[in-house]
Amino acid sequence: MSEVTQILHAIAEGDPHAASQLLPLVYEELRKLAAQRLARETPGQTLQPTALVHEAYLRLVGEDEEQRWDSRGHFFAAAAQAMRRILVEIARQKASLKRGGDRDRVDVVDSLLASPEPREDLVALDAALTKLAETDKQAAELVQLRYFGGLPIREVAEILGIAPRTADRLWAFAKAWLHEEIEGS
Amino acid sequence: MTEREIFLAALEKDDPTERAACLDQACGANSTLRQRVEALLRAQATSFMDMPVVEQLAGDGGGLDFLAPSEKPGSLGRLGHYEVLEVAGRGGMGTVVFRAFDTKLHRVVAIKALAPQLATSSAARQRFVREARAAAAVTHDHIIAIHAVEDAGPVPYLVMQFIDGPTLQKKLDRTGQLPLKEILRIGLQIAEGLAAAHRHGLVHRDVKPANILLENGVERVKITDFGLARAADDASLSQSGVVAGTPMYMSPEQAQGEAVDFRSDLFSLGSVLYTMCAGRPPFRAPTAMAVLKRVCEEIARPARELNAELPPWLGDLLVRLHAKAPADRFASAQEVADLLARHLAELQHGAPPSPPATPPAGGTEVSPLGRGEERKDFRSPAEPPREKSAAAPRPRARRRWVTAAIFLLAAAAGLGLCEATGITNVGGTVMRLFSPEGRPVTKADDSSLPKGVPAPAGLVSWWRGEGDARDAWGGNHGKFVGNVTYAAGQVGLAFKFNGVDQVEVAAAPDLNLTTAVTVEAWIKPTSLYLDGGFAALMAKGNGTTRSYSFFLSSKRALHLSYKTTAETNVTLETEADIVPVGQFSHVAAVIDTAGSVMQIYLNGQLVAVRATAGPLVANTQPLTIGLSDKHGFYGLIDEPAVYNRALSQAEIQSIADAGSAGKRVPVAGERDKTKAP
């Protein structure tokens, strides 16, 4: 089993240390892929994020590794969770830097600093999502797959075993709920 | 009904009246509930989380936020008085190039903008503005025209001529070798452009096919991307310590981090010409490091072997441009241009060949004055000779910058400068181009390395992790398991660990020490999350077969332990919080069963001691650096070394002191690595 797969499993089991180990590997891979795609595709075309995440993971995990997962869904769920951990970690470290944190104590390379700023506050979102999971696990799982994994709703529905229509509605509710949670009343 | 159910029900109703009625019915008098659902409905209407964050990072969407909104259809946004039409590509060093429309002058332009996240870095900004100035200083047919630079706003950008046409790289990708006339025509124009830049005292430093634009229709050359250009006398050039450029087209002096002058551009020009002639670059290898090695040490395969149509004089020209010593190349780009022009004229008009002006190639030291030039100083055609001569050899102390610089180049390649540099695949190979004694020695991770590379003179330690633990000349071997990389260390390059991977020193009998062993290294833990567990620095063996282990705990205390034949662990630990995070400390551990003592040193000072409790058990397991039993170190380990005796406090102190000065001194009694074990 490749070390990345090991880490993914560790993440799936809730090991917080594992995600930070994955951080440099996966982010680099993803970013490189995106840059390559950007260079190749005609301007104006959007990239396929699902394919991008999938390909990044395949490249790291290895083609035959994918067979070891119980289902494709399991694979994507782990990937989405890893992405969440990684991106939240990056956001945390960037924020720490902005607050005047000590550069040496932060493991953020210039390339991560140069990455586009997400529109949403990931640190706040992460906390809100954790809270959502307490009352509505399925909604939280959906958000993770959709927002962090980049999967289209249709695929998310399939992974969760619900009808696409239900997934649409659940997504609408989850987004609204998270928005309110973050913005406060 | 739950708020979720009410929300979803109300969401169904598009009509506001119907929606209100739905809420009335579901919430009744419960105003809190109603307010809550209404808030949710409002929230749902925003664009919050509409785009998955993965997509935001991967696509253009996030990156173009700095553009002001524009009403014009087909416009991506506005930048000043320019309408940005499309992303034309990525420039080097975190820049993006747009095709845009100048609304005042009504013409299409190219805009190169610095990524907003980098725009806050004054170094990046300065570099960007410097590029603009460099390119703007030269007006020439074959150099891209700069129209304006805007550096006051949040995002600095420069406006330049938009060239409709492919880069030379794209053309070569399509056609491979070019016909002779094309080679001469394009080569001549590049040389002319470079000559103009050099006359202005500028060295381009990144001449490569991707930076040569070919204007459509007329196929007129425009040299672009002066992002690395420097004035020939720019002091910051040498002090920055960064080796930047594209390995495949770099000159040897560039690759070695030496100061470069305009003659470096000539070497790169030679590489570009070669690529046009042969259909592939002269120095190719699977990794950037190996490429650099080839650039420095090997002669390119003669282009005429790859393209029989090339005339002999062209072959000679290429060889001359590729002279390893700058002094052996041509005196100026103009000279090359004139030569190419002469031969092109012959081809085109069938004029009788004039006696070739190419002096003999290779080897001979050609006097600059002997070329009949008026200029006194061959280094800089337009400028008088300088005190701080660019070609003078640099002091030895700077050599360590080279190794750090090589890593930076590799890192830079991985960091997204790869589009500019043309590296998409940088392996874990490391090169130390200079031994501490100063003799250029290259070690590389490829089988093309000639056997019997002479070792540097002088003793080295028993086993020491030198940048690349794979020795070319025998001695203990180490291999990387997983993704260990490098970073600038206390002395040259340091191993960089990610908490998961390790360096393994193969089980060599002479590392199976049972009487006494000393391990020492410079360590720089960089991660704060060593939560629970230990981070192994150096360990011999694992699990039940461990001989000894030296590690850092989550409380940042140092631990030393070894196994006795009674299968018990004998442990020594320091107090907590003695190793700082984010900076280098020198740590050493001694197990001396003969003297019955275990010691831990920090920066040369004894910080913990105890008596041993039994003999040290030997085992044939490898020595691992950075990881043991899944406990990995996160940070840098520099110059890890193992000794077959107990080093004294004075010796350890001297190692720590020497390391603080960025030097490495051999320790008395160390094994001569030039001899086989």
# chains A, B, ... in the order shown; residues from 1 in each chain; ligands from 1
$ select_by_dssp --residues "region 106-170 of chain A" --states "helix (DSSP H, G or I)" --output "ChimeraX atom specification"
/A:110-113,122-135,137-148,153-160,164-170
$ residues_around --residues "Arg92 (chain A)" --least-positions-apart "4" --cutoff "7 Å" --atoms "only C-alpha atoms" --output "short mmCIF file (atom, residue, chain, number, x, y, z; two decimals) with C-alpha atoms, in the first residue's frame"
data_model
loop_
_atom_site.label_atom_id
_atom_site.label_comp_id
_atom_site.auth_asym_id
_atom_site.auth_seq_id
_atom_site.Cartn_x
_atom_site.Cartn_y
_atom_site.Cartn_z
CA VAL A 88 -8.45 24.15 6.10
CA SER A 96 -1.67 32.87 11.22
CA VAL A 123 -11.57 27.87 8.92
#
$ closest_residue --among "B:Val295, B:Val53, B:Ile146, B:Ala535" --to "Arg84 (chain A)" --atoms "only C-alpha atoms"
B:Val53
$ select_by_dssp --residues "region 147-278 of chain B" --states "strand (DSSP E)" --output "list of chain:residue names"
B:His147, B:Ala148, B:Val149, B:Glu150, B:Tyr157, B:Leu158, B:Val159, B:Met160, B:Gln161, B:Leu202, B:Val203, B:Ile212, B:Leu213, B:Leu214, B:Glu215, B:Arg220, B:Val221, B:Lys222, B:Ile223, B:Arg230, B:Ala231
$ closest_residue --among "B:Ala259, B:Asp164, B:Gly582, B:Gly176" --to "chain A" --atoms "only C-alpha atoms"
B:Gly582
$ closest_residue --among "B:Gln44, B:Ser660, B:Asn211, B:Asn30" --to "His179 (chain A)" --atoms "only C-alpha atoms"
B:Gln44
$ closest_residue --among "B:Ala148, B:Ala9, B:Leu266, B:Ala278" --to "chain A" --atoms "only C-alpha atoms"
B:Ala9
$ atom_distance --atom1 "CA of Gln599 (chain B)" --atom2 "CA of Ala658 (chain B)"
20.7 Å
$ atom_distance --atom1 "CA of Ile159 (chain A)" --atom2 "CA of Leu8 (chain B)"
22.0 Å
$ atom_distance --atom1 "CA of Ala613 (chain B)" --atom2 "CA of Ser596 (chain B)"
7.6 Å
$ closest_residue --among "A:Thr135, A:Asp126, A:Phe148, A:Ala167" --to "chain B" --atoms "only C-alpha atoms"
A:Phe148
$ residues_around --residues "Leu602 (chain B)" --least-positions-apart "6" --cutoff "7 Å" --atoms "only C-alpha atoms" --output "list of chain:residue names"
B:His586, B:Val587, B:Ala588
$ write_last_selection --atoms "N, CA and C atoms" --output "PDB file, in the first residue's frame"
ATOM      1  N   HIS B 586      22.145  21.952  17.136  1.00  0.00           N
ATOM      2  CA  HIS B 586      23.006  20.800  16.948  1.00  0.00           C
ATOM      3  C   HIS B 586      22.739  19.827  18.097  1.00  0.00           C
ATOM      4  N   VAL B 587      22.459  18.582  17.774  1.00  0.00           N
ATOM      5  CA  VAL B 587      22.197  17.588  18.808  1.00  0.00           C
ATOM      6  C   VAL B 587      23.168  16.425  18.624  1.00  0.00           C
ATOM      7  N   ALA B 588      23.558  15.846  19.732  1.00  0.00           N
ATOM      8  CA  ALA B 588      24.474  14.709  19.674  1.00  0.00           C
ATOM      9  C   ALA B 588      24.117  13.746  20.792  1.00  0.00           C
TER      10      ALA B 588
END
$ residues_around --residues "Leu122 (chain A)" --least-positions-apart "5" --cutoff "12 Å" --atoms "only C-alpha atoms" --output "number ranges by chain"
A: 83-95, 117, 127-130, 144, 147-148, 178-179, 182; B: 49, 52-54
$ residues_around --residues "Val336 (chain B)" --least-positions-apart "6" --cutoff "10 Å" --atoms "only C-alpha atoms" --output "PyMOL selection string"
chain B and resi 187-188+190-192+195+266+269-270+317+321+329-330+342+357-358
